[in-house]
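Below is one structure, written out as C-alpha cells; the observations come after it.
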There are 2 protein chains.
Amino acid sequence: MTKTKMPLQEAKAKILKALAHPSRIYIIETLAHGEKCVHEFVDEIGVDFSTISKHLAILRNAGIVQIDKRGQKVFYSLKTPCIIDFLSCIEDVLKHHLKEQNSLFEHK
Amino acid sequence: MTKTKMPLQEAKAKILKALAHPSRIYIIETLAHGEKCVHEFVDEIGVDFSTISKHLAILRNAGIVQIDKRGQKVFYSLKTPCIIDFLSCIEDVLKHHLKEQNSLFEHK
DNA sequence: TGGCTATTTGGCTATAGTACCAAACAACAC
DNA sequence: GTGTTGTTTGGTACTATAGCCAAATAGCCA
C-alpha cells in the first residue's frame, strides 16, 4: 500500500493506534473521572515512569489528552470526552464476542 | 506490566489493535455498505491477496467481521455494525485535532 | 481425474512498538 | 548555588506487525 493512498484511513488509524494499548486505555478510563499527573499512574499500572510518560506523549500527539503544567507537576486530562463513548462501544463488541465464544463452549 | 493486571483493558486493546490499520479501516468502511469477498479488496487497496486475507483474519479474530462461504468465494460482512459509529467518533477526534493544528498555523 | 479460481497458511525480511535503565530537564525549597 | 521531586528524552534490547512470495487448501467444472 502506498503511503498516501488512503489519507483519511491513515489519519484514523493513527488515532486508533494511540488507543490500542492496555495501559493507554486504562489511562483514558481513569482520566474520565478527572485530571491526573504522571506519577499517579506509575503505581497503578506498575511500569516505569518513563514508560508512562511515553504512553501519555502518544495520547497527546494523537490529540486525545491535553496537559496543564502547574508547578513541578504535569496534569493530564481528556481533550475529547467522546473517547469514553467510543470505549464503551468497544466494550459492547467485546461482550458480543465473549457471549458468542461462551455459547460455543456450551454447545460442545 | 504483568500480563493479567488489566484483563478488561487488554481485551479492549485487542479489539482496538484490530481496528488500527488503514487497510482494515478501509475494509470496515467498505463492508458497511454490504458484504464483499477477499479478491474485491485486492485491487482497491493494492496489496497482495495474502495480505488482505491476513487483515481479514485479524478482523475476524477480533469479532468485528464474520464470514459466509458460498462456493469458491468467502464473503465477509460486519458483525457489529456499531463499529461504524466508533469510526465516526474517531473522525470527530480527528477533525478536532486538525482544526486545532490549523489554528496554530494561523496564529504563527 | 485435471485444471481453474478463490482463499489461506508458512516462511522470510523489514519496520514499528514497548519497556527498561540512565541521563537530562524543570520547578521548587533551602 | 545544592538538593529534591516530577517528568521527559536517549539508548538499547526484545517483541510484534506488515508485506511479499511460494506453497497449500477448498470448491467448482469439464
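Just remember, in the C-alpha cells the first chain shown is A, the second B, etc., residues are 1-based per chain, and ligands are 1-based in the order shown.
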
Can you list, as a ChimeraX atom specification, every residue of chain B that DSSP puts in helix (DSSP H, G or I)? /B:7-19,22-31,38-46,49-61,82-106

Within 12 Å of DA24 of chain D, counting only C-alpha atoms (C1' of nucleotides), which residues show up once you throw out same-chain ones fewer than 3 positions away? Write them as JSON, numbers by chain, please. {"C": [7, 8, 9, 10]}

Find the residues near Leu16 of chain A: any atom within 8 Å, counting only C-alpha atoms (C1' of nucleotides), skip ones fewer than 5 places away on the same chain, and give them as a list in words.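 Listed by chain and then number, they are Leu16, Lys17, Leu19, Ala20 and Ile90 of chain B.
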
With C-alpha atoms kept, could you save the residues just selected as a compact mmCIF listing (two decimals), in the first residue's frame?
```txt
# COMPACT_ATOMS: atom_id res chain seq x y z
CA LEU B 16 -8.64 -1.62 19.03
CA LYS B 17 -5.43 -3.10 17.62
CA LEU B 19 -9.03 -1.68 14.02
CA ALA B 20 -5.79 0.27 14.00
CA ILE B 90 -12.72 8.85 15.65
```

Both chains have the same sequence, so match all Cα atoms in order, fit chain A onto chain B by least squares, and return it as a compact mmCIF listing (two decimals) with N, CA and C atoms, in the first residue's frame.
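File written: selection_20.txt
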```txt
# COMPACT_ATOMS: atom_id res chain seq x y z
N MET A 1 4.44 -4.17 33.02
CA MET A 1 3.06 -4.53 33.33
C MET A 1 2.87 -6.04 33.24
N THR A 2 2.33 -6.61 34.27
CA THR A 2 2.10 -8.05 34.23
C THR A 2 0.95 -8.35 33.29
N LYS A 3 0.99 -9.53 32.76
CA LYS A 3 0.06 -9.90 31.69
C LYS A 3 -1.41 -9.88 32.12
N THR A 4 -1.66 -10.11 33.38
CA THR A 4 -3.06 -10.25 33.81
C THR A 4 -3.51 -9.13 34.74
N LYS A 5 -2.79 -8.04 34.72
CA LYS A 5 -3.11 -6.97 35.66
C LYS A 5 -4.38 -6.21 35.30
N MET A 6 -4.60 -6.06 34.00
CA MET A 6 -5.77 -5.31 33.55
C MET A 6 -6.47 -6.09 32.45
N PRO A 7 -7.12 -7.18 32.83
CA PRO A 7 -7.72 -8.06 31.82
C PRO A 7 -8.72 -7.38 30.91
N LEU A 8 -9.55 -6.49 31.47
CA LEU A 8 -10.56 -5.82 30.66
C LEU A 8 -9.91 -4.88 29.65
N GLN A 9 -8.92 -4.14 30.12
CA GLN A 9 -8.22 -3.22 29.22
C GLN A 9 -7.47 -3.97 28.14
N GLU A 10 -6.94 -5.13 28.51
CA GLU A 10 -6.23 -5.94 27.50
C GLU A 10 -7.18 -6.44 26.43
N ALA A 11 -8.37 -6.83 26.85
CA ALA A 11 -9.36 -7.32 25.89
C ALA A 11 -9.80 -6.20 24.96
N LYS A 12 -9.97 -5.01 25.52
CA LYS A 12 -10.36 -3.87 24.69
C LYS A 12 -9.23 -3.49 23.74
N ALA A 13 -8.00 -3.55 24.25
CA ALA A 13 -6.84 -3.20 23.43
C ALA A 13 -6.74 -4.14 22.24
N LYS A 14 -7.08 -5.40 22.47
CA LYS A 14 -7.01 -6.39 21.39
C LYS A 14 -7.95 -6.00 20.25
N ILE A 15 -9.15 -5.55 20.60
CA ILE A 15 -10.12 -5.14 19.59
C ILE A 15 -9.64 -3.86 18.89
N LEU A 16 -9.13 -2.92 19.68
CA LEU A 16 -8.66 -1.67 19.09
C LEU A 16 -7.46 -1.90 18.17
N LYS A 17 -6.60 -2.82 18.55
CA LYS A 17 -5.46 -3.14 17.69
C LYS A 17 -5.93 -3.68 16.35
N ALA A 18 -6.99 -4.48 16.42
CA ALA A 18 -7.53 -5.05 15.18
C ALA A 18 -8.03 -3.95 14.26
N LEU A 19 -8.48 -2.85 14.85
CA LEU A 19 -9.01 -1.73 14.05
C LEU A 19 -7.91 -0.79 13.57
N ALA A 20 -6.78 -0.83 14.24
CA ALA A 20 -5.76 0.20 14.06
C ALA A 20 -4.84 -0.03 12.87
N HIS A 21 -5.41 -0.08 11.71
CA HIS A 21 -4.59 -0.17 10.49
C HIS A 21 -5.39 0.41 9.32
N PRO A 22 -4.77 1.27 8.50
CA PRO A 22 -5.49 1.92 7.42
C PRO A 22 -6.27 0.94 6.55
N SER A 23 -5.65 -0.15 6.15
CA SER A 23 -6.34 -1.11 5.28
C SER A 23 -7.54 -1.70 5.98
N ARG A 24 -7.40 -2.00 7.26
CA ARG A 24 -8.51 -2.61 7.97
C ARG A 24 -9.65 -1.61 8.19
N ILE A 25 -9.32 -0.36 8.39
CA ILE A 25 -10.35 0.67 8.51
C ILE A 25 -11.09 0.80 7.18
N TYR A 26 -10.33 0.80 6.11
CA TYR A 26 -10.95 0.87 4.79
C TYR A 26 -11.89 -0.31 4.58
N ILE A 27 -11.44 -1.49 4.96
CA ILE A 27 -12.26 -2.69 4.81
C ILE A 27 -13.56 -2.54 5.59
N ILE A 28 -13.47 -2.09 6.82
CA ILE A 28 -14.66 -1.94 7.66
C ILE A 28 -15.63 -0.93 7.07
N GLU A 29 -15.09 0.20 6.64
CA GLU A 29 -15.94 1.24 6.06
C GLU A 29 -16.63 0.74 4.79
N THR A 30 -15.92 -0.07 4.04
CA THR A 30 -16.50 -0.63 2.82
C THR A 30 -17.57 -1.65 3.13
N LEU A 31 -17.30 -2.48 4.13
CA LEU A 31 -18.27 -3.52 4.51
C LEU A 31 -19.55 -2.92 5.08
N ALA A 32 -19.48 -1.68 5.51
CA ALA A 32 -20.68 -1.02 6.03
C ALA A 32 -21.75 -0.93 4.94
N HIS A 33 -21.32 -0.94 3.69
CA HIS A 33 -22.27 -0.85 2.58
C HIS A 33 -22.67 -2.22 2.05
N GLY A 34 -22.21 -3.28 2.68
CA GLY A 34 -22.59 -4.62 2.24
C GLY A 34 -21.41 -5.56 2.16
N GLU A 35 -21.70 -6.84 2.11
CA GLU A 35 -20.64 -7.85 2.11
C GLU A 35 -19.77 -7.80 0.86
N LYS A 36 -18.56 -8.28 1.03
CA LYS A 36 -17.60 -8.30 -0.08
C LYS A 36 -16.72 -9.53 0.09
N CYS A 37 -16.08 -9.95 -1.00
CA CYS A 37 -15.14 -11.05 -0.85
C CYS A 37 -13.71 -10.55 -1.04
N VAL A 38 -12.77 -11.37 -0.62
CA VAL A 38 -11.36 -10.99 -0.50
C VAL A 38 -10.81 -10.30 -1.73
N HIS A 39 -11.00 -10.94 -2.90
CA HIS A 39 -10.35 -10.41 -4.11
C HIS A 39 -10.82 -9.01 -4.48
N GLU A 40 -12.01 -8.63 -4.00
CA GLU A 40 -12.51 -7.29 -4.31
C GLU A 40 -11.68 -6.20 -3.63
N PHE A 41 -11.12 -6.56 -2.51
CA PHE A 41 -10.30 -5.57 -1.78
C PHE A 41 -8.89 -5.44 -2.37
N VAL A 42 -8.44 -6.50 -3.01
CA VAL A 42 -7.06 -6.52 -3.50
C VAL A 42 -6.77 -5.34 -4.43
N ASP A 43 -7.64 -5.14 -5.42
CA ASP A 43 -7.43 -4.04 -6.36
C ASP A 43 -7.60 -2.68 -5.67
N GLU A 44 -8.64 -2.61 -4.83
CA GLU A 44 -8.96 -1.33 -4.18
C GLU A 44 -7.85 -0.85 -3.26
N ILE A 45 -7.29 -1.78 -2.51
CA ILE A 45 -6.28 -1.39 -1.53
C ILE A 45 -4.88 -1.48 -2.14
N GLY A 46 -4.73 -2.37 -3.09
CA GLY A 46 -3.45 -2.45 -3.81
C GLY A 46 -2.35 -3.20 -3.09
N VAL A 47 -2.72 -4.22 -2.33
CA VAL A 47 -1.71 -5.09 -1.73
C VAL A 47 -2.00 -6.53 -2.14
N ASP A 48 -1.12 -7.41 -1.75
CA ASP A 48 -1.22 -8.81 -2.13
C ASP A 48 -2.48 -9.48 -1.56
N PHE A 49 -2.95 -10.52 -2.25
CA PHE A 49 -4.08 -11.32 -1.77
C PHE A 49 -3.84 -11.76 -0.33
N SER A 50 -2.65 -12.29 -0.13
CA SER A 50 -2.34 -12.87 1.18
C SER A 50 -2.41 -11.83 2.29
N THR A 51 -2.00 -10.62 1.95
CA THR A 51 -2.02 -9.55 2.94
C THR A 51 -3.46 -9.21 3.34
N ILE A 52 -4.32 -9.09 2.34
CA ILE A 52 -5.74 -8.80 2.61
C ILE A 52 -6.35 -9.92 3.44
N SER A 53 -6.04 -11.14 3.06
CA SER A 53 -6.58 -12.28 3.77
C SER A 53 -6.18 -12.25 5.24
N LYS A 54 -4.93 -11.86 5.49
CA LYS A 54 -4.47 -11.78 6.88
C LYS A 54 -5.14 -10.64 7.64
N HIS A 55 -5.36 -9.54 6.95
CA HIS A 55 -6.07 -8.43 7.59
C HIS A 55 -7.48 -8.88 7.98
N LEU A 56 -8.14 -9.60 7.08
CA LEU A 56 -9.50 -10.07 7.35
C LEU A 56 -9.50 -11.08 8.49
N ALA A 57 -8.47 -11.88 8.56
CA ALA A 57 -8.37 -12.86 9.65
C ALA A 57 -8.24 -12.15 11.00
N ILE A 58 -7.50 -11.06 11.00
CA ILE A 58 -7.35 -10.27 12.23
C ILE A 58 -8.70 -9.70 12.67
N LEU A 59 -9.44 -9.17 11.70
CA LEU A 59 -10.76 -8.61 12.01
C LEU A 59 -11.72 -9.70 12.47
N ARG A 60 -11.56 -10.87 11.91
CA ARG A 60 -12.44 -11.99 12.27
C ARG A 60 -12.12 -12.47 13.69
N ASN A 61 -10.84 -12.59 13.98
CA ASN A 61 -10.45 -13.03 15.32
C ASN A 61 -10.90 -12.05 16.39
N ALA A 62 -11.01 -10.79 16.01
CA ALA A 62 -11.43 -9.78 16.98
C ALA A 62 -12.95 -9.72 17.11
N GLY A 63 -13.64 -10.50 16.29
CA GLY A 63 -15.10 -10.53 16.37
C GLY A 63 -15.76 -9.34 15.68
N ILE A 64 -15.05 -8.73 14.74
CA ILE A 64 -15.57 -7.54 14.07
C ILE A 64 -16.28 -7.90 12.77
N VAL A 65 -15.76 -8.89 12.08
CA VAL A 65 -16.41 -9.34 10.84
C VAL A 65 -16.73 -10.83 10.93
N GLN A 66 -17.60 -11.26 10.03
CA GLN A 66 -17.95 -12.68 9.99
C GLN A 66 -17.88 -13.14 8.54
N ILE A 67 -17.76 -14.44 8.32
CA ILE A 67 -17.64 -14.94 6.96
C ILE A 67 -18.83 -15.80 6.58
N ASP A 68 -19.01 -15.89 5.27
CA ASP A 68 -20.06 -16.74 4.71
C ASP A 68 -19.48 -17.35 3.43
N LYS A 69 -19.14 -18.62 3.49
CA LYS A 69 -18.54 -19.28 2.32
C LYS A 69 -19.64 -19.72 1.37
N ARG A 70 -19.55 -19.21 0.13
CA ARG A 70 -20.52 -19.59 -0.89
C ARG A 70 -19.72 -19.94 -2.15
N GLY A 71 -19.70 -21.21 -2.46
CA GLY A 71 -18.92 -21.66 -3.61
C GLY A 71 -17.44 -21.47 -3.34
N GLN A 72 -16.73 -20.92 -4.34
CA GLN A 72 -15.29 -20.71 -4.14
C GLN A 72 -15.02 -19.46 -3.34
N LYS A 73 -16.03 -18.62 -3.24
CA LYS A 73 -15.81 -17.31 -2.63
C LYS A 73 -16.12 -17.29 -1.14
N VAL A 74 -15.44 -16.39 -0.46
CA VAL A 74 -15.70 -16.19 0.96
C VAL A 74 -16.17 -14.76 1.13
N PHE A 75 -17.41 -14.61 1.55
CA PHE A 75 -17.98 -13.27 1.71
C PHE A 75 -17.81 -12.79 3.15
N TYR A 76 -17.30 -11.60 3.27
CA TYR A 76 -17.10 -10.99 4.59
C TYR A 76 -18.15 -9.92 4.82
N SER A 77 -18.62 -9.84 6.06
CA SER A 77 -19.56 -8.77 6.41
C SER A 77 -19.33 -8.34 7.86
N LEU A 78 -19.83 -7.16 8.19
CA LEU A 78 -19.67 -6.65 9.55
C LEU A 78 -20.55 -7.43 10.51
N LYS A 79 -19.99 -7.75 11.65
CA LYS A 79 -20.74 -8.49 12.65
C LYS A 79 -21.39 -7.52 13.62
N THR A 80 -20.69 -6.47 13.93
CA THR A 80 -21.19 -5.46 14.87
C THR A 80 -21.21 -4.10 14.17
N PRO A 81 -22.38 -3.75 13.62
CA PRO A 81 -22.47 -2.50 12.86
C PRO A 81 -22.13 -1.28 13.71
N CYS A 82 -22.15 -1.44 15.00
CA CYS A 82 -21.82 -0.35 15.93
C CYS A 82 -20.41 0.18 15.69
N ILE A 83 -19.57 -0.66 15.07
CA ILE A 83 -18.20 -0.27 14.75
C ILE A 83 -18.18 0.99 13.90
N ILE A 84 -19.18 1.14 13.04
CA ILE A 84 -19.25 2.30 12.16
C ILE A 84 -19.44 3.58 12.97
N ASP A 85 -20.29 3.51 13.99
CA ASP A 85 -20.49 4.68 14.86
C ASP A 85 -19.17 5.04 15.52
N PHE A 86 -18.49 4.00 15.92
CA PHE A 86 -17.20 4.18 16.57
C PHE A 86 -16.25 4.96 15.68
N LEU A 87 -16.18 4.54 14.42
CA LEU A 87 -15.25 5.18 13.49
C LEU A 87 -15.65 6.62 13.21
N SER A 88 -16.95 6.90 13.20
CA SER A 88 -17.35 8.29 12.96
C SER A 88 -16.96 9.15 14.15
N CYS A 89 -16.94 8.52 15.31
CA CYS A 89 -16.50 9.21 16.52
C CYS A 89 -15.00 9.54 16.43
N ILE A 90 -14.24 8.58 15.89
CA ILE A 90 -12.81 8.79 15.68
C ILE A 90 -12.60 9.96 14.72
N GLU A 91 -13.49 10.03 13.76
CA GLU A 91 -13.43 11.10 12.77
C GLU A 91 -13.60 12.46 13.46
N ASP A 92 -14.47 12.50 14.45
CA ASP A 92 -14.67 13.73 15.21
C ASP A 92 -13.39 14.16 15.92
N VAL A 93 -12.74 13.19 16.55
CA VAL A 93 -11.49 13.48 17.24
C VAL A 93 -10.48 14.04 16.25
N LEU A 94 -10.46 13.41 15.09
CA LEU A 94 -9.53 13.80 14.03
C LEU A 94 -9.78 15.24 13.60
N LYS A 95 -11.04 15.58 13.35
CA LYS A 95 -11.40 16.93 12.91
C LYS A 95 -11.00 17.95 13.97
N HIS A 96 -11.32 17.60 15.20
CA HIS A 96 -11.00 18.45 16.34
C HIS A 96 -9.50 18.73 16.37
N HIS A 97 -8.75 17.67 16.16
CA HIS A 97 -7.29 17.72 16.22
C HIS A 97 -6.73 18.56 15.07
N LEU A 98 -7.26 18.33 13.87
CA LEU A 98 -6.78 19.04 12.69
C LEU A 98 -7.11 20.52 12.78
N LYS A 99 -8.31 20.82 13.22
CA LYS A 99 -8.77 22.20 13.34
C LYS A 99 -7.82 22.97 14.25
N GLU A 100 -7.45 22.29 15.32
CA GLU A 100 -6.55 22.91 16.28
C GLU A 100 -5.16 23.16 15.68
N GLN A 101 -4.69 22.18 14.92
CA GLN A 101 -3.39 22.34 14.29
C GLN A 101 -3.41 23.46 13.27
N ASN A 102 -4.53 23.57 12.54
CA ASN A 102 -4.68 24.65 11.57
C ASN A 102 -4.66 26.01 12.24
N SER A 103 -5.37 26.12 13.36
CA SER A 103 -5.41 27.41 14.04
C SER A 103 -4.03 27.76 14.59
N LEU A 104 -3.24 26.74 14.88
CA LEU A 104 -1.86 26.99 15.32
C LEU A 104 -1.08 27.62 14.17
N PHE A 105 -1.33 27.10 12.96
CA PHE A 105 -0.64 27.64 11.79
C PHE A 105 -1.06 29.09 11.56
N GLU A 106 -2.38 29.33 11.67
CA GLU A 106 -2.90 30.67 11.42
C GLU A 106 -2.30 31.72 12.35
N HIS A 107 -2.04 31.32 13.57
CA HIS A 107 -1.52 32.28 14.55
C HIS A 107 -0.01 32.42 14.53
N LYS A 108 0.62 31.72 13.57
CA LYS A 108 2.09 31.81 13.51
C LYS A 108 2.57 33.16 12.98
```

I need the contact residues of chain C against chain A, so if you could list those with any atom within 9 Å, counting only C-alpha atoms (C1' of nucleotides), and return them as JSON, numbers by chain, that would help. {"C": [18, 19, 20, 26, 27, 28]}

Restricting the calculation to only C-alpha atoms (C1' of nucleotides): of D:DT8, D:DT15, D:DG1, D:DA26, which residue gets closest to chain A?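 Closest residue, counting only C-alpha atoms (C1' of nucleotides): D:DT8.
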
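Any residue of chain D with an atom within 10 Å of chain A counts; using only C-alpha atoms (C1' of nucleotides), that gives D:DT5, D:DG6, D:DT7, D:DT8, D:DT9, D:DG19.
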
Just the selected residues (C-alpha atoms (C1' of nucleotides)), exported as a compact mmCIF listing (two decimals), in the first residue's frame, please.
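Just written: result.txt:
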```
# COMPACT_ATOMS: atom_id res chain seq x y z
C1' DT D 5 10.65 15.92 43.29
C1' DG D 6 8.32 15.22 38.92
C1' DT D 7 8.75 14.48 34.15
C1' DT D 8 10.89 13.79 29.64
C1' DT D 9 14.37 12.09 26.43
C1' DG D 19 4.28 -7.11 3.49
```

As a PyMOL selection string, please: every residue in segment 27-95 of chain A that a backbone DSSP assignment puts in strand (DSSP E or B). chain A and resi 36-37+65-70+73-78
